[in-house]
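For reference, the structure is listed below as structure tokens.
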Amino acid sequence: MLTVQHLIGHRGAARLAPENTLPGIELAARLGLPWVEIDTQLSRDGVLVLLHDDTLERTTNLRGTVREHDYATLASADAGTWFAAQFAGTRIPRLDNVLERCRALGIGLHLEIKPANPHETDTAAAVAALLHTTALPERLILSSFASATVAAMHELAPEHPRAQGAEHFPENWRELSERLELEAWHVDAAVITPQLAPMLREAGMALRAWTVNDRARAQELIDWGVEAVFTDAPPALLG
């Protein structure tokens, strides 16, 4: 039976509040979600902030990439008006503030590292350094779609569990899983088959699916053995 324990708030609660913002994370916590997922990138002056896209246009009033702006500029951006007028003035948060807020809220954190090519390893190095100096949530899982980033986190912060993101489940999954000592795979729900979760479980790993906003599909995936689903709309899945 699908329950709230199977849900991970995608970018906070992306259909209910501006994604990758503190209001979204706080809303996910109020909904009782055990986990929230966010994305982080590096600013021009080396500050880790929350943003998903390669560019800023969709979710802020700035243009260009995160890498093209220093933190002071990013901190002045409006990251809420695009979503709804009530969120006008919402800011792009720093990762260190988000880590501390998730700890205070008692919510687990899936931290996806989104390095813009060719910055796979320096973003990972910045994340690792921050993790060693900041108060962290009690539950923290690191992930990336770039295996070079996951490998860097394996080397620089081996104490934290790691997951590999994938749009298509690769044929060399066993080699990657062993080399990176993965805790899980995060796979596009559209390509997950009934056989995938049991196969990974037998190999000692979990399977989590993204992004699922349909209740029937979420229930089907859980029935197949998927551990959890990333969702933009937790209430829709819970009915």
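Ordering of the structure tokens sets the chain letters (A, B, ...); residue numbers start at 1 within each chain; ligands are numbered from 1 in the order shown.
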
Would you please give, as a short mmCIF file (atom, residue, chain, number, x, y, z; two decimals) with all heavy atoms, in the first residue's frame, all residues of segment 22-228 of chain A that DSSP assigns to alpha helix (DSSP H) based on the backbone?
```
data_model
loop_
_atom_site.label_atom_id
_atom_site.label_comp_id
_atom_site.auth_asym_id
_atom_site.auth_seq_id
_atom_site.Cartn_x
_atom_site.Cartn_y
_atom_site.Cartn_z
N LEU A 22 13.51 27.31 0.10
CA LEU A 22 13.17 26.97 1.49
C LEU A 22 11.66 26.82 1.69
O LEU A 22 11.23 25.90 2.41
CB LEU A 22 13.74 28.01 2.44
CG LEU A 22 15.27 27.94 2.64
CD1 LEU A 22 15.75 29.11 3.48
CD2 LEU A 22 15.67 26.61 3.29
N PRO A 23 10.80 27.67 1.09
CA PRO A 23 9.36 27.43 1.24
C PRO A 23 8.92 26.05 0.76
O PRO A 23 8.07 25.41 1.38
CB PRO A 23 8.72 28.54 0.41
CG PRO A 23 9.72 29.65 0.46
CD PRO A 23 11.05 28.96 0.41
N GLY A 24 9.51 25.57 -0.33
CA GLY A 24 9.16 24.25 -0.83
C GLY A 24 9.60 23.14 0.11
O GLY A 24 8.87 22.16 0.34
N ILE A 25 10.80 23.26 0.65
CA ILE A 25 11.31 22.27 1.58
C ILE A 25 10.48 22.26 2.86
O ILE A 25 10.12 21.20 3.39
CB ILE A 25 12.79 22.56 1.90
CG1 ILE A 25 13.63 22.34 0.63
CG2 ILE A 25 13.29 21.69 3.04
CD1 ILE A 25 15.04 22.89 0.73
N GLU A 26 10.14 23.44 3.36
CA GLU A 26 9.35 23.53 4.58
C GLU A 26 7.94 22.97 4.37
O GLU A 26 7.38 22.33 5.26
CB GLU A 26 9.31 24.98 5.04
CG GLU A 26 10.66 25.46 5.56
CD GLU A 26 10.79 26.98 5.65
OE1 GLU A 26 9.85 27.68 5.20
OE2 GLU A 26 11.83 27.44 6.16
N LEU A 27 7.38 23.18 3.18
CA LEU A 27 6.06 22.62 2.88
C LEU A 27 6.12 21.09 2.86
O LEU A 27 5.24 20.41 3.39
CB LEU A 27 5.55 23.14 1.55
CG LEU A 27 4.21 22.59 1.06
CD1 LEU A 27 3.13 22.80 2.11
CD2 LEU A 27 3.81 23.22 -0.25
N ALA A 28 7.17 20.53 2.24
CA ALA A 28 7.33 19.07 2.22
C ALA A 28 7.39 18.52 3.64
O ALA A 28 6.79 17.48 3.94
CB ALA A 28 8.58 18.70 1.44
N ALA A 29 8.08 19.21 4.51
CA ALA A 29 8.17 18.76 5.91
C ALA A 29 6.80 18.83 6.58
O ALA A 29 6.41 17.92 7.33
CB ALA A 29 9.19 19.60 6.67
N ARG A 30 6.03 19.90 6.32
CA ARG A 30 4.71 20.03 6.92
C ARG A 30 3.76 18.94 6.43
O ARG A 30 2.84 18.53 7.15
CB ARG A 30 4.10 21.41 6.63
CG ARG A 30 4.78 22.55 7.37
CD ARG A 30 3.90 23.78 7.42
NE ARG A 30 3.56 24.29 6.11
CZ ARG A 30 4.31 25.12 5.39
NH1 ARG A 30 5.48 25.53 5.86
NH2 ARG A 30 3.90 25.55 4.21
N TYR A 71 27.74 35.02 -5.98
CA TYR A 71 26.65 34.73 -5.06
C TYR A 71 25.82 35.97 -4.73
O TYR A 71 24.60 35.88 -4.59
CB TYR A 71 27.18 34.10 -3.77
CG TYR A 71 26.09 33.96 -2.74
CD1 TYR A 71 25.04 33.07 -2.96
CD2 TYR A 71 26.07 34.77 -1.61
CE1 TYR A 71 23.99 32.96 -2.05
CE2 TYR A 71 25.02 34.67 -0.69
CZ TYR A 71 24.00 33.76 -0.92
OH TYR A 71 22.96 33.68 -0.02
N ALA A 72 26.45 37.12 -4.61
CA ALA A 72 25.71 38.33 -4.27
C ALA A 72 24.61 38.60 -5.30
O ALA A 72 23.49 39.00 -4.95
CB ALA A 72 26.67 39.52 -4.19
N THR A 73 24.92 38.38 -6.57
CA THR A 73 23.92 38.57 -7.61
C THR A 73 22.83 37.53 -7.51
O THR A 73 21.62 37.84 -7.58
CB THR A 73 24.57 38.51 -9.00
OG1 THR A 73 25.58 39.52 -9.09
CG2 THR A 73 23.54 38.72 -10.10
N LEU A 74 23.20 36.28 -7.33
CA LEU A 74 22.22 35.21 -7.21
C LEU A 74 21.31 35.42 -6.00
O LEU A 74 20.11 35.16 -6.06
CB LEU A 74 22.93 33.86 -7.10
CG LEU A 74 23.73 33.42 -8.34
CD1 LEU A 74 24.58 32.20 -8.00
CD2 LEU A 74 22.80 33.12 -9.50
N ALA A 75 21.89 35.90 -4.91
CA ALA A 75 21.12 36.09 -3.68
C ALA A 75 20.07 37.19 -3.81
O ALA A 75 19.10 37.22 -3.05
CB ALA A 75 22.06 36.41 -2.52
N LEU A 95 23.34 26.30 -0.11
CA LEU A 95 23.24 24.91 0.33
C LEU A 95 23.50 24.76 1.82
O LEU A 95 22.83 23.96 2.48
CB LEU A 95 24.21 24.03 -0.47
CG LEU A 95 24.23 22.55 -0.08
CD1 LEU A 95 22.85 21.92 -0.22
CD2 LEU A 95 25.26 21.79 -0.90
N ASP A 96 24.44 25.51 2.38
CA ASP A 96 24.71 25.34 3.81
C ASP A 96 23.48 25.69 4.63
O ASP A 96 23.16 25.00 5.62
CB ASP A 96 25.94 26.14 4.25
CG ASP A 96 25.86 27.62 3.90
OD1 ASP A 96 24.91 28.04 3.21
OD2 ASP A 96 26.77 28.38 4.33
N ASN A 97 22.75 26.72 4.24
CA ASN A 97 21.52 27.08 4.96
C ASN A 97 20.46 25.99 4.83
O ASN A 97 19.71 25.72 5.77
CB ASN A 97 20.97 28.40 4.45
CG ASN A 97 21.87 29.57 4.77
OD1 ASN A 97 22.66 29.53 5.72
ND2 ASN A 97 21.79 30.63 3.98
N VAL A 98 20.40 25.36 3.66
CA VAL A 98 19.42 24.30 3.44
C VAL A 98 19.76 23.07 4.28
O VAL A 98 18.86 22.44 4.87
CB VAL A 98 19.34 23.95 1.95
CG1 VAL A 98 18.51 22.69 1.73
CG2 VAL A 98 18.76 25.11 1.17
N LEU A 99 21.03 22.72 4.34
CA LEU A 99 21.44 21.59 5.18
C LEU A 99 21.02 21.80 6.62
O LEU A 99 20.47 20.90 7.28
CB LEU A 99 22.95 21.38 5.08
CG LEU A 99 23.49 20.92 3.73
CD1 LEU A 99 25.01 21.03 3.70
CD2 LEU A 99 23.07 19.48 3.44
N GLU A 100 21.28 22.99 7.12
CA GLU A 100 20.92 23.30 8.50
C GLU A 100 19.41 23.32 8.70
O GLU A 100 18.91 22.85 9.73
CB GLU A 100 21.54 24.65 8.89
CG GLU A 100 23.06 24.61 8.95
CD GLU A 100 23.69 25.99 9.00
OE1 GLU A 100 22.92 26.98 8.96
OE2 GLU A 100 24.92 26.07 9.09
N ARG A 101 18.68 23.81 7.71
CA ARG A 101 17.23 23.85 7.84
C ARG A 101 16.62 22.45 7.81
O ARG A 101 15.69 22.15 8.57
CB ARG A 101 16.63 24.70 6.71
CG ARG A 101 15.12 24.94 6.85
CD ARG A 101 14.83 25.74 8.09
NE ARG A 101 13.41 25.93 8.29
CZ ARG A 101 12.82 25.86 9.48
NH1 ARG A 101 13.53 25.58 10.56
NH2 ARG A 101 11.52 26.06 9.59
N CYS A 102 17.12 21.59 6.94
CA CYS A 102 16.63 20.21 6.91
C CYS A 102 16.92 19.49 8.23
O CYS A 102 16.09 18.71 8.71
CB CYS A 102 17.26 19.44 5.75
SG CYS A 102 16.63 19.92 4.12
N ARG A 103 18.06 19.78 8.80
CA ARG A 103 18.38 19.19 10.11
C ARG A 103 17.37 19.67 11.16
O ARG A 103 16.86 18.87 11.95
CB ARG A 103 19.80 19.58 10.52
CG ARG A 103 20.22 19.02 11.88
CD ARG A 103 21.63 19.50 12.24
NE ARG A 103 22.03 19.02 13.55
CZ ARG A 103 22.62 17.86 13.79
NH1 ARG A 103 22.88 17.04 12.78
NH2 ARG A 103 22.95 17.49 15.01
N ALA A 104 17.07 20.94 11.16
CA ALA A 104 16.13 21.49 12.13
C ALA A 104 14.72 20.93 11.92
O ALA A 104 13.99 20.70 12.89
CB ALA A 104 16.11 23.01 12.04
N LEU A 105 14.35 20.70 10.66
CA LEU A 105 13.03 20.17 10.34
C LEU A 105 12.92 18.67 10.59
O LEU A 105 11.82 18.12 10.63
CB LEU A 105 12.68 20.47 8.88
CG LEU A 105 12.43 21.92 8.51
CD1 LEU A 105 12.39 22.09 7.00
CD2 LEU A 105 11.14 22.44 9.14
N GLU A 120 32.44 18.48 -13.30
CA GLU A 120 31.95 17.37 -12.48
C GLU A 120 32.68 17.25 -11.15
O GLU A 120 32.07 17.04 -10.11
CB GLU A 120 32.09 16.03 -13.23
CG GLU A 120 31.06 15.82 -14.32
CD GLU A 120 31.50 16.34 -15.66
OE1 GLU A 120 32.52 17.06 -15.70
OE2 GLU A 120 30.83 16.05 -16.66
N THR A 121 34.01 17.40 -11.17
CA THR A 121 34.77 17.11 -9.95
C THR A 121 34.90 18.32 -9.02
O THR A 121 34.95 18.14 -7.81
CB THR A 121 36.16 16.56 -10.31
OG1 THR A 121 36.83 17.48 -11.18
CG2 THR A 121 36.04 15.22 -11.00
N ASP A 122 34.96 19.54 -9.56
CA ASP A 122 35.13 20.66 -8.64
C ASP A 122 33.84 20.96 -7.88
O ASP A 122 33.88 21.38 -6.72
CB ASP A 122 35.67 21.91 -9.35
CG ASP A 122 34.77 22.43 -10.45
OD1 ASP A 122 33.85 21.70 -10.87
OD2 ASP A 122 34.98 23.56 -10.90
N THR A 123 32.68 20.70 -8.48
CA THR A 123 31.44 20.83 -7.74
C THR A 123 31.39 19.79 -6.62
O THR A 123 31.01 20.10 -5.48
CB THR A 123 30.22 20.67 -8.66
OG1 THR A 123 30.32 21.60 -9.74
CG2 THR A 123 28.93 20.91 -7.90
N ALA A 124 31.78 18.57 -6.93
CA ALA A 124 31.82 17.52 -5.91
C ALA A 124 32.77 17.89 -4.79
O ALA A 124 32.47 17.66 -3.60
CB ALA A 124 32.23 16.19 -6.54
N ALA A 125 33.93 18.45 -5.12
CA ALA A 125 34.90 18.84 -4.09
C ALA A 125 34.32 19.91 -3.18
O ALA A 125 34.53 19.89 -1.96
CB ALA A 125 36.19 19.33 -4.75
N ALA A 126 33.58 20.86 -3.76
CA ALA A 126 32.97 21.91 -2.95
C ALA A 126 31.91 21.33 -2.03
O ALA A 126 31.79 21.73 -0.86
CB ALA A 126 32.37 22.98 -3.86
N VAL A 127 31.12 20.39 -2.53
CA VAL A 127 30.11 19.75 -1.70
C VAL A 127 30.77 18.99 -0.56
O VAL A 127 30.37 19.10 0.61
CB VAL A 127 29.22 18.80 -2.54
CG1 VAL A 127 28.34 17.95 -1.63
CG2 VAL A 127 28.36 19.59 -3.52
N ALA A 128 31.80 18.22 -0.87
CA ALA A 128 32.49 17.44 0.17
C ALA A 128 33.05 18.35 1.25
O ALA A 128 32.93 18.06 2.45
CB ALA A 128 33.59 16.60 -0.46
N ALA A 129 33.66 19.46 0.85
CA ALA A 129 34.22 20.38 1.83
C ALA A 129 33.12 20.95 2.73
O ALA A 129 33.30 21.07 3.95
CB ALA A 129 34.96 21.51 1.11
N LEU A 130 31.98 21.28 2.14
CA LEU A 130 30.88 21.83 2.92
C LEU A 130 30.33 20.79 3.90
O LEU A 130 30.02 21.11 5.05
CB LEU A 130 29.78 22.31 1.99
CG LEU A 130 28.57 22.98 2.65
CD1 LEU A 130 29.00 24.24 3.39
CD2 LEU A 130 27.51 23.31 1.61
N LEU A 131 30.23 19.55 3.45
CA LEU A 131 29.69 18.50 4.32
C LEU A 131 30.56 18.27 5.55
O LEU A 131 30.06 17.83 6.59
CB LEU A 131 29.55 17.19 3.54
CG LEU A 131 28.55 17.20 2.38
CD1 LEU A 131 28.47 15.81 1.75
CD2 LEU A 131 27.17 17.66 2.81
N SER A 147 28.57 10.11 -13.50
CA SER A 147 29.29 9.11 -12.71
C SER A 147 30.62 9.65 -12.20
O SER A 147 31.10 9.23 -11.14
CB SER A 147 29.50 7.83 -13.53
OG SER A 147 30.21 8.10 -14.72
N ALA A 148 31.22 10.62 -12.91
CA ALA A 148 32.47 11.23 -12.44
C ALA A 148 32.23 11.98 -11.13
O ALA A 148 33.10 11.99 -10.24
CB ALA A 148 33.03 12.17 -13.49
N THR A 149 31.07 12.58 -10.99
CA THR A 149 30.73 13.28 -9.76
C THR A 149 30.51 12.29 -8.62
O THR A 149 30.98 12.50 -7.50
CB THR A 149 29.47 14.14 -9.96
OG1 THR A 149 29.73 15.09 -11.00
CG2 THR A 149 29.10 14.87 -8.69
N VAL A 150 29.80 11.22 -8.90
CA VAL A 150 29.57 10.20 -7.87
C VAL A 150 30.91 9.59 -7.45
O VAL A 150 31.15 9.35 -6.26
CB VAL A 150 28.61 9.12 -8.38
CG1 VAL A 150 28.38 8.05 -7.31
CG2 VAL A 150 27.28 9.72 -8.81
N ALA A 151 31.80 9.37 -8.41
CA ALA A 151 33.12 8.83 -8.09
C ALA A 151 33.90 9.79 -7.20
O ALA A 151 34.59 9.37 -6.26
CB ALA A 151 33.89 8.54 -9.37
N ALA A 152 33.80 11.09 -7.49
CA ALA A 152 34.50 12.07 -6.66
C ALA A 152 33.95 12.09 -5.25
O ALA A 152 34.70 12.20 -4.27
CB ALA A 152 34.38 13.46 -7.30
N MET A 153 32.63 11.97 -5.10
CA MET A 153 32.05 11.92 -3.76
C MET A 153 32.45 10.64 -3.03
O MET A 153 32.64 10.65 -1.81
CB MET A 153 30.52 12.01 -3.84
CG MET A 153 30.00 13.32 -4.42
SD MET A 153 30.73 14.81 -3.69
CE MET A 153 30.32 14.62 -1.97
N HIS A 154 32.60 9.55 -3.77
CA HIS A 154 33.08 8.30 -3.18
C HIS A 154 34.46 8.48 -2.58
O HIS A 154 34.77 7.97 -1.51
CB HIS A 154 33.10 7.22 -4.26
CG HIS A 154 33.59 5.89 -3.79
ND1 HIS A 154 34.35 5.06 -4.57
CD2 HIS A 154 33.45 5.26 -2.60
CE1 HIS A 154 34.65 3.97 -3.89
NE2 HIS A 154 34.11 4.05 -2.70
N GLU A 155 35.28 9.26 -3.26
CA GLU A 155 36.64 9.50 -2.79
C GLU A 155 36.70 10.54 -1.68
O GLU A 155 37.43 10.38 -0.70
CB GLU A 155 37.51 9.95 -3.97
CG GLU A 155 38.95 10.29 -3.57
CD GLU A 155 39.77 10.83 -4.73
OE1 GLU A 155 39.27 10.82 -5.87
OE2 GLU A 155 40.91 11.27 -4.49
N LEU A 156 35.91 11.61 -1.83
CA LEU A 156 36.05 12.77 -0.94
C LEU A 156 35.14 12.73 0.29
O LEU A 156 35.45 13.35 1.30
CB LEU A 156 35.77 14.05 -1.73
CG LEU A 156 36.72 14.32 -2.90
CD1 LEU A 156 36.20 15.49 -3.73
CD2 LEU A 156 38.13 14.61 -2.40
N TRP A 173 25.79 -1.71 -15.21
CA TRP A 173 25.36 -1.27 -13.89
C TRP A 173 26.10 -1.99 -12.76
O TRP A 173 26.38 -1.39 -11.73
CB TRP A 173 23.86 -1.44 -13.73
CG TRP A 173 23.38 -2.87 -13.69
CD1 TRP A 173 23.04 -3.65 -14.75
CD2 TRP A 173 23.20 -3.66 -12.52
NE1 TRP A 173 22.66 -4.88 -14.33
CE2 TRP A 173 22.74 -4.92 -12.96
CE3 TRP A 173 23.36 -3.44 -11.15
CZ2 TRP A 173 22.45 -5.96 -12.08
CZ3 TRP A 173 23.08 -4.47 -10.27
CH2 TRP A 173 22.63 -5.71 -10.72
N ARG A 174 26.42 -3.26 -12.95
CA ARG A 174 27.12 -3.98 -11.88
C ARG A 174 28.51 -3.41 -11.65
O ARG A 174 28.93 -3.20 -10.51
CB ARG A 174 27.21 -5.47 -12.21
CG ARG A 174 25.90 -6.21 -12.10
CD ARG A 174 26.10 -7.71 -12.26
NE ARG A 174 24.84 -8.41 -12.29
CZ ARG A 174 24.18 -8.83 -11.20
NH1 ARG A 174 24.71 -8.60 -10.00
NH2 ARG A 174 23.03 -9.47 -11.31
N GLU A 175 29.23 -3.14 -12.74
CA GLU A 175 30.58 -2.59 -12.62
C GLU A 175 30.54 -1.23 -11.96
O GLU A 175 31.33 -0.93 -11.05
CB GLU A 175 31.23 -2.52 -14.00
CG GLU A 175 32.67 -2.01 -13.98
CD GLU A 175 32.78 -0.48 -14.03
OE1 GLU A 175 31.92 0.15 -14.67
OE2 GLU A 175 33.71 0.06 -13.40
N LEU A 176 29.61 -0.37 -12.39
CA LEU A 176 29.48 0.95 -11.80
C LEU A 176 29.09 0.86 -10.32
O LEU A 176 29.64 1.57 -9.48
CB LEU A 176 28.42 1.76 -12.55
CG LEU A 176 28.87 2.53 -13.79
CD1 LEU A 176 27.66 3.14 -14.48
CD2 LEU A 176 29.87 3.60 -13.43
N SER A 177 28.15 0.01 -10.02
CA SER A 177 27.68 -0.13 -8.64
C SER A 177 28.80 -0.56 -7.71
O SER A 177 28.92 -0.03 -6.59
CB SER A 177 26.54 -1.15 -8.59
OG SER A 177 25.45 -0.77 -9.40
N GLU A 178 29.61 -1.51 -8.15
CA GLU A 178 30.71 -2.00 -7.31
C GLU A 178 31.81 -0.96 -7.19
O GLU A 178 32.34 -0.72 -6.10
CB GLU A 178 31.25 -3.30 -7.89
CG GLU A 178 30.26 -4.46 -7.81
CD GLU A 178 30.76 -5.70 -8.52
OE1 GLU A 178 31.91 -5.67 -9.05
OE2 GLU A 178 30.01 -6.70 -8.56
N ARG A 179 32.15 -0.31 -8.30
CA ARG A 179 33.24 0.66 -8.27
C ARG A 179 32.89 1.88 -7.42
O ARG A 179 33.74 2.41 -6.70
CB ARG A 179 33.59 1.09 -9.70
CG ARG A 179 34.66 2.16 -9.78
CD ARG A 179 35.23 2.28 -11.18
NE ARG A 179 34.22 2.56 -12.17
CZ ARG A 179 33.80 3.79 -12.49
NH1 ARG A 179 34.30 4.85 -11.86
NH2 ARG A 179 32.89 3.98 -13.43
N LEU A 180 31.64 2.32 -7.50
CA LEU A 180 31.22 3.51 -6.78
C LEU A 180 30.61 3.18 -5.42
O LEU A 180 30.25 4.09 -4.67
CB LEU A 180 30.21 4.29 -7.62
CG LEU A 180 30.69 4.74 -9.00
CD1 LEU A 180 29.57 5.41 -9.77
CD2 LEU A 180 31.90 5.65 -8.88
N LEU A 196 13.41 -4.96 -12.42
CA LEU A 196 14.57 -4.15 -12.06
C LEU A 196 14.79 -4.05 -10.55
O LEU A 196 15.91 -4.24 -10.06
CB LEU A 196 14.44 -2.75 -12.67
CG LEU A 196 15.66 -1.85 -12.55
CD1 LEU A 196 16.92 -2.52 -13.08
CD2 LEU A 196 15.41 -0.53 -13.28
N ALA A 197 13.75 -3.75 -9.80
CA ALA A 197 13.91 -3.59 -8.35
C ALA A 197 14.38 -4.88 -7.68
O ALA A 197 15.31 -4.84 -6.87
CB ALA A 197 12.61 -3.09 -7.72
N PRO A 198 13.77 -6.04 -7.98
CA PRO A 198 14.28 -7.27 -7.37
C PRO A 198 15.73 -7.57 -7.74
O PRO A 198 16.50 -8.08 -6.90
CB PRO A 198 13.34 -8.35 -7.92
CG PRO A 198 12.08 -7.62 -8.25
CD PRO A 198 12.53 -6.26 -8.73
N MET A 199 16.13 -7.25 -8.98
CA MET A 199 17.51 -7.48 -9.40
C MET A 199 18.46 -6.63 -8.58
O MET A 199 19.51 -7.11 -8.12
CB MET A 199 17.64 -7.16 -10.89
CG MET A 199 19.04 -7.41 -11.46
SD MET A 199 19.08 -7.17 -13.25
CE MET A 199 18.83 -5.39 -13.36
N LEU A 200 18.12 -5.36 -8.38
CA LEU A 200 18.98 -4.48 -7.59
C LEU A 200 18.97 -4.88 -6.11
O LEU A 200 20.01 -4.83 -5.45
CB LEU A 200 18.52 -3.03 -7.75
CG LEU A 200 18.89 -2.36 -9.07
CD1 LEU A 200 18.27 -0.97 -9.16
CD2 LEU A 200 20.40 -2.27 -9.24
N ARG A 201 17.82 -5.26 -5.61
CA ARG A 201 17.74 -5.68 -4.21
C ARG A 201 18.64 -6.89 -3.96
O ARG A 201 19.31 -6.99 -2.94
CB ARG A 201 16.31 -5.99 -3.81
CG ARG A 201 16.12 -6.17 -2.30
CD ARG A 201 14.73 -6.59 -1.92
NE ARG A 201 13.72 -5.73 -2.49
CZ ARG A 201 12.84 -6.11 -3.42
NH1 ARG A 201 12.87 -7.35 -3.88
NH2 ARG A 201 11.94 -5.28 -3.88
N GLU A 202 18.63 -7.81 -4.90
CA GLU A 202 19.49 -8.99 -4.77
C GLU A 202 20.96 -8.60 -4.75
O GLU A 202 21.79 -9.26 -4.12
CB GLU A 202 19.22 -9.95 -5.93
CG GLU A 202 19.97 -11.27 -5.82
CD GLU A 202 19.62 -12.23 -6.94
OE1 GLU A 202 18.65 -11.97 -7.68
OE2 GLU A 202 20.32 -13.25 -7.08
N ARG A 215 -0.98 8.61 -9.06
CA ARG A 215 -1.12 7.70 -7.93
C ARG A 215 -1.06 6.23 -8.36
O ARG A 215 -0.40 5.41 -7.70
CB ARG A 215 -2.43 7.99 -7.20
CG ARG A 215 -2.62 7.21 -5.92
CD ARG A 215 -3.92 7.59 -5.24
NE ARG A 215 -4.10 6.89 -3.99
CZ ARG A 215 -5.17 7.00 -3.22
NH1 ARG A 215 -6.17 7.79 -3.60
NH2 ARG A 215 -5.28 6.34 -2.09
N ALA A 216 -1.75 5.89 -9.44
CA ALA A 216 -1.77 4.50 -9.88
C ALA A 216 -0.38 4.03 -10.29
O ALA A 216 0.03 2.90 -9.99
CB ALA A 216 -2.76 4.32 -11.03
N ARG A 217 0.35 4.88 -10.98
CA ARG A 217 1.70 4.51 -11.40
C ARG A 217 2.62 4.37 -10.18
O ARG A 217 3.44 3.45 -10.11
CB ARG A 217 2.26 5.56 -12.35
CG ARG A 217 3.69 5.31 -12.82
CD ARG A 217 3.86 3.96 -13.49
NE ARG A 217 5.18 3.85 -14.12
CZ ARG A 217 5.75 2.70 -14.45
NH1 ARG A 217 5.10 1.55 -14.24
NH2 ARG A 217 6.94 2.68 -15.01
N ALA A 218 2.48 5.26 -9.21
CA ALA A 218 3.29 5.15 -8.00
C ALA A 218 3.01 3.84 -7.29
O ALA A 218 3.93 3.15 -6.85
CB ALA A 218 3.00 6.33 -7.08
N GLN A 219 1.73 3.47 -7.17
CA GLN A 219 1.38 2.21 -6.51
C GLN A 219 1.96 1.02 -7.26
O GLN A 219 2.47 0.06 -6.65
CB GLN A 219 -0.13 2.07 -6.40
CG GLN A 219 -0.59 0.82 -5.65
CD GLN A 219 -0.15 0.84 -4.21
OE1 GLN A 219 -0.61 1.66 -3.42
NE2 GLN A 219 0.76 -0.06 -3.84
N GLU A 220 1.89 1.06 -8.59
CA GLU A 220 2.45 -0.03 -9.39
C GLU A 220 3.94 -0.19 -9.14
O GLU A 220 4.45 -1.31 -8.95
CB GLU A 220 2.19 0.24 -10.88
CG GLU A 220 2.74 -0.83 -11.81
CD GLU A 220 2.42 -0.54 -13.25
OE1 GLU A 220 2.75 0.58 -13.72
OE2 GLU A 220 1.84 -1.41 -13.93
N LEU A 221 4.67 0.92 -9.12
CA LEU A 221 6.11 0.87 -8.90
C LEU A 221 6.44 0.32 -7.51
O LEU A 221 7.36 -0.50 -7.36
CB LEU A 221 6.72 2.26 -9.08
CG LEU A 221 6.72 2.79 -10.51
CD1 LEU A 221 6.99 4.29 -10.52
CD2 LEU A 221 7.76 2.06 -11.36
N ILE A 222 5.69 0.75 -6.51
CA ILE A 222 5.92 0.23 -5.16
C ILE A 222 5.63 -1.26 -5.12
O ILE A 222 6.36 -2.04 -4.49
CB ILE A 222 5.04 1.00 -4.14
CG1 ILE A 222 5.45 2.49 -4.10
CG2 ILE A 222 5.15 0.36 -2.76
CD1 ILE A 222 6.90 2.74 -3.77
N ASP A 223 4.58 -1.70 -5.81
CA ASP A 223 4.26 -3.12 -5.87
C ASP A 223 5.38 -3.92 -6.54
O ASP A 223 5.59 -5.09 -6.21
CB ASP A 223 2.95 -3.34 -6.64
CG ASP A 223 1.73 -2.85 -5.88
OD1 ASP A 223 1.84 -2.63 -4.65
OD2 ASP A 223 0.67 -2.67 -6.52
#
```

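Listed by chain and then by rising number, the residues of segment 49-221 of chain A that DSSP assigns to strand (DSSP E or B) from the backbone are Val49, Leu50, Arg94, Gly108, Leu109, His110, Leu111, Glu112, Ile113, Leu140, Ile141, Leu142, Ser143, Ser144, Arg162, Ala163, Gln164, Gly165, Ala166, Ala184, Trp185, His186, Val187, Asp188, Ala206, Leu207, Arg208, Ala209 and Trp210 of chain A.
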
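Closest approach to Arg11 of chain A among A:Glu112, A:Ala189, A:Gly32, A:Pro235 is made by A:Glu112 (distances from only C-alpha atoms).
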
Legend entry - Contact residues around segment 165-171 of chain A with only C-alpha atoms at 10 Å, ignoring same-chain residues under 6 positions, as a count of residues only: 20

Inset, instruction - Skip segment 48-56 of chain A itself and residues of its chain fewer than 3 positions away, then list as number ranges by chain all residues within 10 Å of it, counting only C-alpha atoms. - result: A: 11, 19-22, 38-45, 59-68, 71, 74-75, 77, 79, 91-98, 111-117, 123, 126-127, 130

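Here atom CA of Gly46 of chain A and atom CA of Arg162 of chain A stand 22.8 Å from one another.
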
Would you kindly return, as a short mmCIF file (atom, residue, chain, number, x, y, z; two decimals) with all heavy atoms, in the first residue's frame, each protein, DNA or RNA residue with an atom no farther than 7 Å from any atom of Gly89 of chain A, considering only C-alpha atoms and excluding same-chain residues fewer than 5 positions away?
```cif
data_model
loop_
_atom_site.label_atom_id
_atom_site.label_comp_id
_atom_site.auth_asym_id
_atom_site.auth_seq_id
_atom_site.Cartn_x
_atom_site.Cartn_y
_atom_site.Cartn_z
N ASP A 78 14.88 37.05 -7.67
CA ASP A 78 13.53 36.63 -7.28
C ASP A 78 13.31 35.23 -7.84
O ASP A 78 13.23 35.04 -9.06
CB ASP A 78 12.50 37.60 -7.83
CG ASP A 78 11.07 37.27 -7.41
OD1 ASP A 78 10.79 36.10 -7.08
OD2 ASP A 78 10.22 38.18 -7.43
N ALA A 79 13.19 34.24 -6.96
CA ALA A 79 13.01 32.86 -7.38
C ALA A 79 11.60 32.35 -7.08
O ALA A 79 11.37 31.14 -7.05
CB ALA A 79 14.04 31.97 -6.69
N GLY A 80 10.64 33.29 -6.87
CA GLY A 80 9.31 32.86 -6.51
C GLY A 80 8.18 33.39 -7.36
O GLY A 80 7.16 32.72 -7.54
N THR A 81 8.33 34.60 -7.91
CA THR A 81 7.24 35.23 -8.64
C THR A 81 6.81 34.40 -9.83
O THR A 81 5.61 34.34 -10.17
CB THR A 81 7.65 36.64 -9.10
OG1 THR A 81 7.89 37.45 -7.93
CG2 THR A 81 6.55 37.29 -9.93
#
```

Legend entry - Among listed residues A:Ala84, A:Ala17, A:Leu33, A:Ala163, nearest His110 of chain A (using only C-alpha atoms): A:Ala163
